[in-house]
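Below: run18.pdb (PDB, C-alpha atoms)
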```pdb
ATOM      1  CA  MET A   1       0.000   0.000   0.000  1.00  0.00           C
ATOM      2  CA  VAL A   2       1.320   3.450  -0.945  1.00  0.00           C
ATOM      3  CA  GLY A   3       1.797   5.743   2.032  1.00  0.00           C
ATOM      4  CA  PRO A   4       1.777   9.545   2.038  1.00  0.00           C
ATOM      5  CA  ARG A   5       5.547   9.766   1.535  1.00  0.00           C
ATOM      6  CA  ASP A   6       5.468   7.313  -1.359  1.00  0.00           C
ATOM      7  CA  ALA A   7       2.533   9.174  -2.908  1.00  0.00           C
ATOM      8  CA  LEU A   8       4.476  12.443  -2.765  1.00  0.00           C
ATOM      9  CA  CYS A   9       7.481  10.724  -4.340  1.00  0.00           C
ATOM     10  CA  ASP A  10       5.235   9.385  -7.111  1.00  0.00           C
ATOM     11  CA  ILE A  11       3.817  12.853  -7.816  1.00  0.00           C
ATOM     12  CA  ALA A  12       7.295  14.405  -7.784  1.00  0.00           C
ATOM     13  CA  ALA A  13       8.598  11.692 -10.118  1.00  0.00           C
ATOM     14  CA  CYS A  14       5.805  12.286 -12.618  1.00  0.00           C
ATOM     15  CA  LEU A  15       6.188  16.067 -12.424  1.00  0.00           C
ATOM     16  CA  GLY A  16       9.927  15.713 -12.897  1.00  0.00           C
ATOM     17  CA  PHE A  17       9.518  13.472 -15.930  1.00  0.00           C
ATOM     18  CA  TYR A  18       6.508  14.993 -17.685  1.00  0.00           C
ATOM     19  CA  THR A  19       7.407  18.647 -17.133  1.00  0.00           C
ATOM     20  CA  ARG A  20      10.462  20.867 -17.191  1.00  0.00           C
ATOM     21  CA  LEU A  21       9.527  22.642 -13.983  1.00  0.00           C
ATOM     22  CA  PRO A  22      12.452  23.361 -11.632  1.00  0.00           C
ATOM     23  CA  LEU A  23      11.835  20.953  -8.782  1.00  0.00           C
ATOM     24  CA  PRO A  24      13.875  20.221  -5.659  1.00  0.00           C
ATOM     25  CA  ALA A  25      15.742  16.947  -5.531  1.00  0.00           C
ATOM     26  CA  PHE A  26      13.543  13.967  -4.723  1.00  0.00           C
ATOM     27  CA  GLU A  27      13.917  10.239  -4.282  1.00  0.00           C
ATOM     28  CA  MET A  28      12.810   7.952  -7.087  1.00  0.00           C
ATOM     29  CA  PRO A  29       9.877   5.855  -5.799  1.00  0.00           C
ATOM     30  CA  ALA A  30      11.124   2.638  -4.238  1.00  0.00           C
ATOM     31  CA  HIS A  31       8.372   0.655  -5.969  1.00  0.00           C
ATOM     32  CA  GLY A  32       9.481   1.835  -9.413  1.00  0.00           C
ATOM     33  CA  PHE A  33       8.497   4.469 -11.947  1.00  0.00           C
ATOM     34  CA  ALA A  34       5.773   2.321 -13.531  1.00  0.00           C
ATOM     35  CA  ALA A  35       3.922   2.096 -10.223  1.00  0.00           C
ATOM     36  CA  ALA A  36       4.130   5.891  -9.922  1.00  0.00           C
ATOM     37  CA  GLN A  37       2.135   6.375 -13.126  1.00  0.00           C
ATOM     38  CA  TRP A  38      -1.142   6.757 -11.259  1.00  0.00           C
ATOM     39  CA  ALA A  39       0.124  10.319 -10.680  1.00  0.00           C
ATOM     40  CA  ALA A  40       0.586  11.064 -14.409  1.00  0.00           C
ATOM     41  CA  PRO A  41      -2.837  12.778 -14.614  1.00  0.00           C
ATOM     42  CA  LEU A  42      -1.875  14.941 -11.624  1.00  0.00           C
ATOM     43  CA  ALA A  43       1.195  16.105 -13.535  1.00  0.00           C
ATOM     44  CA  GLY A  44      -1.192  16.834 -16.394  1.00  0.00           C
ATOM     45  CA  LEU A  45      -3.330  18.933 -14.071  1.00  0.00           C
ATOM     46  CA  VAL A  46      -0.326  21.103 -13.261  1.00  0.00           C
ATOM     47  CA  VAL A  47       0.393  21.570 -16.970  1.00  0.00           C
ATOM     48  CA  GLY A  48      -3.267  22.367 -17.639  1.00  0.00           C
ATOM     49  CA  ALA A  49      -3.362  24.858 -14.780  1.00  0.00           C
ATOM     50  CA  LEU A  50      -0.340  26.719 -16.120  1.00  0.00           C
ATOM     51  CA  CYS A  51      -1.797  26.790 -19.636  1.00  0.00           C
ATOM     52  CA  GLY A  52      -5.135  27.973 -18.257  1.00  0.00           C
ATOM     53  CA  ALA A  53      -3.435  30.725 -16.256  1.00  0.00           C
ATOM     54  CA  VAL A  54      -1.633  31.969 -19.364  1.00  0.00           C
ATOM     55  CA  LEU A  55      -4.864  31.925 -21.368  1.00  0.00           C
ATOM     56  CA  ALA A  56      -6.792  33.718 -18.610  1.00  0.00           C
ATOM     57  CA  GLY A  57      -4.055  36.339 -18.262  1.00  0.00           C
ATOM     58  CA  ALA A  58      -3.978  36.964 -21.993  1.00  0.00           C
ATOM     59  CA  MET A  59      -7.740  37.399 -22.179  1.00  0.00           C
ATOM     60  CA  ALA A  60      -7.718  39.641 -19.093  1.00  0.00           C
ATOM     61  CA  LEU A  61      -5.298  41.910 -20.966  1.00  0.00           C
ATOM     62  CA  GLY A  62      -7.869  42.208 -23.736  1.00  0.00           C
ATOM     63  CA  LEU A  63      -6.132  39.952 -26.238  1.00  0.00           C
ATOM     64  CA  PRO A  64      -8.434  38.072 -28.629  1.00  0.00           C
ATOM     65  CA  ALA A  65      -9.168  34.397 -28.004  1.00  0.00           C
ATOM     66  CA  THR A  66      -7.101  33.414 -31.039  1.00  0.00           C
ATOM     67  CA  ILE A  67      -3.911  34.921 -29.620  1.00  0.00           C
ATOM     68  CA  ALA A  68      -4.685  33.704 -26.091  1.00  0.00           C
ATOM     69  CA  ALA A  69      -5.031  30.167 -27.480  1.00  0.00           C
ATOM     70  CA  VAL A  70      -1.628  30.391 -29.175  1.00  0.00           C
ATOM     71  CA  LEU A  71      -0.022  31.558 -25.932  1.00  0.00           C
ATOM     72  CA  ALA A  72      -1.680  28.734 -23.970  1.00  0.00           C
ATOM     73  CA  LEU A  73      -0.389  26.149 -26.440  1.00  0.00           C
ATOM     74  CA  ALA A  74       3.065  27.709 -26.328  1.00  0.00           C
ATOM     75  CA  ALA A  75       3.039  27.556 -22.523  1.00  0.00           C
ATOM     76  CA  GLY A  76       2.109  23.872 -22.598  1.00  0.00           C
ATOM     77  CA  THR A  77       4.865  23.099 -25.070  1.00  0.00           C
ATOM     78  CA  LEU A  78       7.444  24.986 -23.028  1.00  0.00           C
ATOM     79  CA  VAL A  79       6.506  23.501 -19.670  1.00  0.00           C
ATOM     80  CA  THR A  80       6.649  19.943 -21.050  1.00  0.00           C
ATOM     81  CA  GLY A  81       9.587  20.516 -23.364  1.00  0.00           C
ATOM     82  CA  GLY A  82       7.381  19.357 -26.246  1.00  0.00           C
ATOM     83  CA  LEU A  83       7.724  15.812 -24.890  1.00  0.00           C
ATOM     84  CA  HIS A  84       4.482  14.417 -26.287  1.00  0.00           C
ATOM     85  CA  GLU A  85       4.592  16.504 -29.467  1.00  0.00           C
ATOM     86  CA  ASP A  86       7.995  14.961 -30.143  1.00  0.00           C
ATOM     87  CA  GLY A  87       6.481  11.514 -29.653  1.00  0.00           C
ATOM     88  CA  LEU A  88       3.668  12.283 -32.085  1.00  0.00           C
ATOM     89  CA  ALA A  89       6.112  13.464 -34.748  1.00  0.00           C
ATOM     90  CA  ASP A  90       8.355  10.416 -34.302  1.00  0.00           C
ATOM     91  CA  VAL A  91       5.433   7.997 -34.568  1.00  0.00           C
ATOM     92  CA  ALA A  92       4.065   9.732 -37.666  1.00  0.00           C
ATOM     93  CA  ASP A  93       7.483   9.581 -39.347  1.00  0.00           C
ATOM     94  CA  GLY A  94       8.142   5.984 -38.294  1.00  0.00           C
ATOM     95  CA  PHE A  95       4.757   4.516 -39.081  1.00  0.00           C
ATOM     96  CA  GLY A  96       4.436   6.523 -42.276  1.00  0.00           C
ATOM     97  CA  GLY A  97       7.958   6.209 -43.629  1.00  0.00           C
ATOM     98  CA  GLY A  98       9.231   2.801 -42.524  1.00  0.00           C
ATOM     99  CA  SER A  99       8.627  -0.359 -44.553  1.00  0.00           C
ATOM    100  CA  THR A 100       9.572  -2.853 -41.825  1.00  0.00           C
ATOM    101  CA  ARG A 101       9.319  -2.955 -38.037  1.00  0.00           C
ATOM    102  CA  GLU A 102      13.069  -2.392 -37.697  1.00  0.00           C
ATOM    103  CA  LYS A 103      13.043   0.587 -40.052  1.00  0.00           C
ATOM    104  CA  LYS A 104      10.038   2.116 -38.298  1.00  0.00           C
ATOM    105  CA  LEU A 105      11.792   1.867 -34.925  1.00  0.00           C
ATOM    106  CA  ALA A 106      15.009   3.289 -36.379  1.00  0.00           C
ATOM    107  CA  ILE A 107      13.156   6.274 -37.860  1.00  0.00           C
ATOM    108  CA  MET A 108      11.366   6.884 -34.551  1.00  0.00           C
ATOM    109  CA  LYS A 109      14.698   6.983 -32.758  1.00  0.00           C
ATOM    110  CA  ASP A 110      16.161   9.470 -35.256  1.00  0.00           C
ATOM    111  CA  SER A 111      16.130  13.015 -33.878  1.00  0.00           C
ATOM    112  CA  ARG A 112      15.432  14.483 -37.311  1.00  0.00           C
ATOM    113  CA  ILE A 113      11.832  15.191 -38.316  1.00  0.00           C
ATOM    114  CA  GLY A 114      10.289  14.266 -41.657  1.00  0.00           C
ATOM    115  CA  SER A 115       7.272  15.326 -43.665  1.00  0.00           C
ATOM    116  CA  TYR A 116       4.893  12.969 -41.840  1.00  0.00           C
ATOM    117  CA  GLY A 117       5.995  14.354 -38.499  1.00  0.00           C
ATOM    118  CA  VAL A 118       5.627  17.952 -39.632  1.00  0.00           C
ATOM    119  CA  ALA A 119       2.141  17.254 -40.982  1.00  0.00           C
ATOM    120  CA  ALA A 120       1.091  15.522 -37.749  1.00  0.00           C
ATOM    121  CA  LEU A 121       2.310  18.435 -35.612  1.00  0.00           C
ATOM    122  CA  ILE A 122       0.593  21.014 -37.812  1.00  0.00           C
ATOM    123  CA  LEU A 123      -2.699  19.127 -37.618  1.00  0.00           C
ATOM    124  CA  SER A 124      -2.380  18.634 -33.848  1.00  0.00           C
ATOM    125  CA  PHE A 125      -1.660  22.280 -33.100  1.00  0.00           C
ATOM    126  CA  LEU A 126      -4.258  23.499 -35.579  1.00  0.00           C
ATOM    127  CA  LEU A 127      -7.032  21.360 -34.110  1.00  0.00           C
ATOM    128  CA  ARG A 128      -6.172  22.314 -30.543  1.00  0.00           C
ATOM    129  CA  TRP A 129      -5.800  26.009 -31.401  1.00  0.00           C
ATOM    130  CA  THR A 130      -9.140  26.059 -33.195  1.00  0.00           C
ATOM    131  CA  ALA A 131     -10.849  24.355 -30.261  1.00  0.00           C
ATOM    132  CA  LEU A 132      -9.349  26.689 -27.658  1.00  0.00           C
ATOM    133  CA  SER A 133     -10.168  29.751 -29.766  1.00  0.00           C
ATOM    134  CA  SER A 134     -13.787  28.607 -30.034  1.00  0.00           C
ATOM    135  CA  LEU A 135     -14.163  27.934 -26.308  1.00  0.00           C
ATOM    136  CA  GLY A 136     -13.221  31.368 -25.010  1.00  0.00           C
ATOM    137  CA  LEU A 137     -13.241  31.460 -21.208  1.00  0.00           C
ATOM    138  CA  ALA A 138     -14.562  27.878 -21.111  1.00  0.00           C
ATOM    139  CA  ALA A 139     -11.114  26.870 -22.365  1.00  0.00           C
ATOM    140  CA  ILE A 140      -9.652  27.484 -18.892  1.00  0.00           C
ATOM    141  CA  PRO A 141     -11.322  24.541 -17.089  1.00  0.00           C
ATOM    142  CA  THR A 142     -11.200  22.512 -20.294  1.00  0.00           C
ATOM    143  CA  LEU A 143      -7.399  22.732 -20.332  1.00  0.00           C
ATOM    144  CA  LEU A 144      -7.313  21.155 -16.880  1.00  0.00           C
ATOM    145  CA  VAL A 145      -9.573  18.326 -18.019  1.00  0.00           C
ATOM    146  CA  ALA A 146      -7.747  17.777 -21.310  1.00  0.00           C
ATOM    147  CA  HIS A 147      -4.242  17.650 -19.855  1.00  0.00           C
ATOM    148  CA  GLY A 148      -5.256  15.532 -16.889  1.00  0.00           C
ATOM    149  CA  THR A 149      -7.406  12.934 -18.625  1.00  0.00           C
ATOM    150  CA  SER A 150      -5.069  12.551 -21.600  1.00  0.00           C
ATOM    151  CA  ARG A 151      -2.311  11.427 -19.253  1.00  0.00           C
ATOM    152  CA  ALA A 152      -4.660   9.160 -17.321  1.00  0.00           C
ATOM    153  CA  LEU A 153      -4.711   6.810 -20.321  1.00  0.00           C
ATOM    154  CA  MET A 154      -0.967   6.263 -20.569  1.00  0.00           C
ATOM    155  CA  PRO A 155      -0.609   3.798 -17.656  1.00  0.00           C
ATOM    156  CA  ALA A 156      -3.315   1.635 -19.261  1.00  0.00           C
ATOM    157  CA  LEU A 157      -1.411   1.453 -22.546  1.00  0.00           C
ATOM    158  CA  MET A 158       1.772   0.592 -20.662  1.00  0.00           C
ATOM    159  CA  ARG A 159      -0.153  -2.205 -18.931  1.00  0.00           C
ATOM    160  CA  LEU A 160      -2.019  -3.572 -21.953  1.00  0.00           C
ATOM    161  CA  SER A 161       0.690  -3.412 -24.614  1.00  0.00           C
ATOM    162  CA  PRO A 162       4.234  -4.803 -24.348  1.00  0.00           C
ATOM    163  CA  PRO A 163       7.263  -2.577 -24.962  1.00  0.00           C
ATOM    164  CA  ALA A 164       8.292  -2.610 -28.620  1.00  0.00           C
ATOM    165  CA  ARG A 165      11.956  -2.330 -27.653  1.00  0.00           C
ATOM    166  CA  ASP A 166      14.041  -4.221 -25.106  1.00  0.00           C
ATOM    167  CA  ASN A 167      15.549  -0.895 -24.076  1.00  0.00           C
ATOM    168  CA  GLY A 168      14.260   2.658 -24.067  1.00  0.00           C
ATOM    169  CA  LEU A 169      12.172   4.743 -21.675  1.00  0.00           C
ATOM    170  CA  SER A 170       9.040   2.637 -21.760  1.00  0.00           C
ATOM    171  CA  ALA A 171      10.851  -0.661 -21.344  1.00  0.00           C
ATOM    172  CA  GLY A 172      12.947   0.788 -18.532  1.00  0.00           C
ATOM    173  CA  ALA A 173       9.896   2.103 -16.710  1.00  0.00           C
ATOM    174  CA  GLY A 174       8.305  -1.325 -16.488  1.00  0.00           C
ATOM    175  CA  ARG A 175       4.683  -2.393 -16.485  1.00  0.00           C
ATOM    176  CA  PRO A 176       2.191  -0.688 -14.145  1.00  0.00           C
ATOM    177  CA  GLY A 177      -0.011  -2.842 -11.971  1.00  0.00           C
ATOM    178  CA  THR A 178      -3.771  -3.002 -12.284  1.00  0.00           C
ATOM    179  CA  ALA A 179      -4.248  -0.783  -9.230  1.00  0.00           C
ATOM    180  CA  THR A 180      -2.038   1.902 -10.755  1.00  0.00           C
ATOM    181  CA  VAL A 181      -4.102   1.876 -13.960  1.00  0.00           C
ATOM    182  CA  LEU A 182      -7.399   2.011 -12.059  1.00  0.00           C
ATOM    183  CA  VAL A 183      -6.327   4.939  -9.883  1.00  0.00           C
ATOM    184  CA  ALA A 184      -5.229   6.882 -12.979  1.00  0.00           C
ATOM    185  CA  PHE A 185      -8.564   6.050 -14.632  1.00  0.00           C
ATOM    186  CA  ALA A 186     -10.431   7.189 -11.521  1.00  0.00           C
ATOM    187  CA  ILE A 187      -8.647  10.550 -11.523  1.00  0.00           C
ATOM    188  CA  GLY A 188      -9.379  10.939 -15.213  1.00  0.00           C
ATOM    189  CA  GLY A 189     -13.022   9.994 -14.673  1.00  0.00           C
ATOM    190  CA  VAL A 190     -13.459  12.611 -11.959  1.00  0.00           C
ATOM    191  CA  LEU A 191     -11.958  15.248 -14.241  1.00  0.00           C
ATOM    192  CA  LEU A 192     -14.359  14.338 -17.042  1.00  0.00           C
ATOM    193  CA  LEU A 193     -17.236  15.110 -14.693  1.00  0.00           C
ATOM    194  CA  VAL A 194     -16.095  18.714 -14.253  1.00  0.00           C
ATOM    195  CA  PRO A 195     -17.888  19.977 -17.402  1.00  0.00           C
ATOM    196  CA  GLY A 196     -20.875  17.813 -16.513  1.00  0.00           C
ATOM    197  CA  PRO A 197     -22.135  14.193 -16.594  1.00  0.00           C
ATOM    198  CA  GLY A 198     -23.272  14.547 -20.202  1.00  0.00           C
ATOM    199  CA  PHE A 199     -19.776  15.551 -21.268  1.00  0.00           C
ATOM    200  CA  ALA A 200     -18.300  12.579 -19.418  1.00  0.00           C
ATOM    201  CA  LEU A 201     -20.758  10.109 -20.994  1.00  0.00           C
ATOM    202  CA  ILE A 202     -19.837  11.279 -24.483  1.00  0.00           C
ATOM    203  CA  THR A 203     -16.098  11.789 -24.025  1.00  0.00           C
ATOM    204  CA  ALA A 204     -15.153   8.720 -21.961  1.00  0.00           C
ATOM    205  CA  PRO A 205     -16.055   6.201 -24.715  1.00  0.00           C
ATOM    206  CA  LEU A 206     -14.165   8.299 -27.270  1.00  0.00           C
ATOM    207  CA  LEU A 207     -11.068   8.245 -25.072  1.00  0.00           C
ATOM    208  CA  LEU A 208     -11.314   4.488 -24.600  1.00  0.00           C
ATOM    209  CA  LEU A 209     -11.600   4.079 -28.375  1.00  0.00           C
ATOM    210  CA  ALA A 210      -8.493   6.244 -28.774  1.00  0.00           C
ATOM    211  CA  LEU A 211      -6.633   4.012 -26.314  1.00  0.00           C
ATOM    212  CA  LEU A 212      -7.654   0.841 -28.172  1.00  0.00           C
ATOM    213  CA  PHE A 213      -6.882   2.407 -31.552  1.00  0.00           C
ATOM    214  CA  ILE A 214      -3.362   3.441 -30.571  1.00  0.00           C
ATOM    215  CA  LYS A 215      -2.776   0.041 -28.953  1.00  0.00           C
ATOM    216  CA  ARG A 216      -3.888  -1.812 -32.069  1.00  0.00           C
ATOM    217  CA  ILE A 217      -1.984   0.278 -34.599  1.00  0.00           C
ATOM    218  CA  ALA A 218       1.207   0.326 -32.508  1.00  0.00           C
ATOM    219  CA  GLU A 219       1.192  -3.436 -32.064  1.00  0.00           C
ATOM    220  CA  LYS A 220       0.543  -3.915 -35.779  1.00  0.00           C
ATOM    221  CA  GLN A 221       3.278  -1.490 -36.823  1.00  0.00           C
ATOM    222  CA  ILE A 222       6.068  -2.156 -34.311  1.00  0.00           C
ATOM    223  CA  GLY A 223       4.852  -4.917 -31.994  1.00  0.00           C
ATOM    224  CA  GLY A 224       4.013  -2.792 -28.954  1.00  0.00           C
ATOM    225  CA  GLN A 225       4.313   0.596 -27.333  1.00  0.00           C
ATOM    226  CA  THR A 226       7.202   3.004 -26.805  1.00  0.00           C
ATOM    227  CA  GLY A 227       7.524   6.379 -25.131  1.00  0.00           C
ATOM    228  CA  ASP A 228       6.730   7.961 -28.493  1.00  0.00           C
ATOM    229  CA  VAL A 229       3.553   5.905 -28.786  1.00  0.00           C
ATOM    230  CA  LEU A 230       2.510   6.999 -25.305  1.00  0.00           C
ATOM    231  CA  GLY A 231       3.073  10.616 -26.336  1.00  0.00           C
ATOM    232  CA  THR A 232       0.929  10.071 -29.422  1.00  0.00           C
ATOM    233  CA  LEU A 233      -1.883   8.727 -27.259  1.00  0.00           C
ATOM    234  CA  GLN A 234      -1.655  11.794 -25.029  1.00  0.00           C
ATOM    235  CA  GLN A 235      -1.839  14.151 -28.003  1.00  0.00           C
ATOM    236  CA  LEU A 236      -4.818  12.335 -29.519  1.00  0.00           C
ATOM    237  CA  ALA A 237      -6.673  12.209 -26.202  1.00  0.00           C
ATOM    238  CA  GLU A 238      -6.031  15.884 -25.453  1.00  0.00           C
ATOM    239  CA  THR A 239      -7.375  16.832 -28.879  1.00  0.00           C
ATOM    240  CA  ILE A 240     -10.472  14.658 -28.396  1.00  0.00           C
ATOM    241  CA  VAL A 241     -11.281  16.331 -25.083  1.00  0.00           C
ATOM    242  CA  LEU A 242     -10.890  19.819 -26.545  1.00  0.00           C
ATOM    243  CA  ILE A 243     -13.088  19.040 -29.550  1.00  0.00           C
ATOM    244  CA  ALA A 244     -15.697  17.394 -27.318  1.00  0.00           C
ATOM    245  CA  ALA A 245     -15.686  20.516 -25.166  1.00  0.00           C
ATOM    246  CA  VAL A 246     -16.431  22.659 -28.212  1.00  0.00           C
ATOM    247  CA  ALA A 247     -19.446  20.472 -28.974  1.00  0.00           C
ATOM    248  CA  HIS A 248     -20.510  20.630 -25.313  1.00  0.00           C
ATOM    249  CA  PHE A 249     -20.081  24.352 -24.609  1.00  0.00           C
ATOM    250  CA  THR A 250     -20.945  25.934 -27.961  1.00  0.00           C
TER     251      THR A 250
END
```

Mind turning the file's structure into structure tokens?
Amino acid sequence: MVGPRDALCDIAACLGFYTRLPLPAFEMPAHGFAAAQWAAPLAGLVVGALCGAVLAGAMALGLPATIAAVLALAAGTLVTGGLHEDGLADVADGFGGGSTREKKLAIMKDSRIGSYGVAALILSFLLRWTALSSLGLAAIPTLLVAHGTSRALMPALMRLSPPARDNGLSAGAGRPGTATVLVAFAIGGVLLLVPGPGFALITAPLLLLALLFIKRIAEKQIGGQTGDVLGTLQQLAETIVLIAAVAHFT
């Protein structure tokens, strides 16, 4: 059973990994990084709160929603170091440009970005910018929900799909236990209720479909998941939540 000290270590570990925030030194959880993944949605909440604060500040200064949305997206990219955007670009390049499993994995590991990656990033930012611009002030709580719930899915993918590589971040992290996955899901479920039960009933199935879709395509393409695949899932889930919010609020 995770005690208060272990829980704080888990939260600090996830904040330290998923963000670039300057944090004091902390101990890596004794039970392993995979078991700490229940706190991934909490790290997402911090990212969402910072993005929401930037958006609120921009709108309070009288800037139009379009510019405020750009600044919010920029803040999210800066605070995470573009971690998940990088994963999305790598997966798009690898899955789109590689002819074999080995070539796909090699392309994904390459730090250079190709046309598939550029196209994926443009589409991701464009969809999220359009959604945030349409939401106005409703974008502030939606950012919390989107960043939190999108990261609540990642432990499940780590649990359900084997690592595609014997080494790498995902393989090194290990496989979360069922309890870890359920706690992350519970946090994500609570967040989905913030806009209302109707929003949760519509969005939750879409997020589960996104999880199963990414799992299926990753296993077909490269035999499992990697850190880049997890980042792709986060980007897809975040976009789904934002688009669902547009349908809900407008």

Next item on the list: Would you mind telling me which residue in A:Pro141, A:Gly177, A:Gly198, A:Gly97 lies nearest to Ala156 (chain A) when using all atoms listed in the file?
Entry: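 Result for the nearest residue to Ala156 (chain A): A:Gly177.
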
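Between CA of Arg5 (chain A) and CA of Leu192 (chain A) lies a distance of 27.6 Å.
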
Note to self: Please list, as a ChimeraX atom specification, the residues that have an atom at most 12 Å away from (-18.2, 9.4, -24.8) in the coordinates of this file, counting all atoms listed in the file.
What the structure shows: /A:189,192-193,197-210,237,240-241,243-245,247-248

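Against the coordinates shown, the PyMOL selection byres ((chain A and resi 139) around 10) returns Cys51, Gly52, Leu55, Ala56, Ala65, Ala69, Ala72, Ala131, Leu132, Ser133, Ser134, Leu135, Gly136, Leu137, Ala138, Ile140, Pro141, Thr142, Leu143, Leu144, Val145, Ala146, Leu242, Ala245, Val246 and Phe249 of chain A.
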
Notebook entry, point to check: Any idea what's packed within 10 Å of Leu88 (chain A), counting all atoms listed in the file, ignoring anything in its chain fewer than 2 positions away? Could you give it as an MDAnalysis selection string?
Noted result: chainID A and resid 82:86 90:94 108 116:118 120:121 124 227:236

Around all listed atoms of region 217-235 of chain A, padded 8 Å per side, what centre and edge lengths does the axis-aligned box have in Å to one decimal, as JSON?
```
{"center_x": 2.8, "center_y": 4.6, "center_z": -30.9, "size_x": 25.5, "size_y": 35.1, "size_z": 27.8}
```

Next item on the list: Can you give me, as a ChimeraX atom specification, the residues this file yields under the PyMOL selection byres ((chain A and resi 223) around 9)?
Entry: /A:101,161-165,217-222,224-225

Next item on the list: Run the PyMOL selection byres ((chain A and resi 20-22) around 7) on the file and write out the hits as an NGL selection string.
Entry: :A and (16 or 19 or 23-24 or 79-81)

Residues from the last selection, C-alpha atoms, saved as an mmCIF file, in the frame of the given file:
```cif
data_model
loop_
_atom_site.group_PDB
_atom_site.id
_atom_site.type_symbol
_atom_site.label_atom_id
_atom_site.label_comp_id
_atom_site.auth_asym_id
_atom_site.auth_seq_id
_atom_site.Cartn_x
_atom_site.Cartn_y
_atom_site.Cartn_z
ATOM 1 C CA GLY A 16 9.927 15.713 -12.897
ATOM 2 C CA THR A 19 7.407 18.647 -17.133
ATOM 3 C CA LEU A 23 11.835 20.953 -8.782
ATOM 4 C CA PRO A 24 13.875 20.221 -5.659
ATOM 5 C CA VAL A 79 6.506 23.501 -19.670
ATOM 6 C CA THR A 80 6.649 19.943 -21.050
ATOM 7 C CA GLY A 81 9.587 20.516 -23.364
#
```
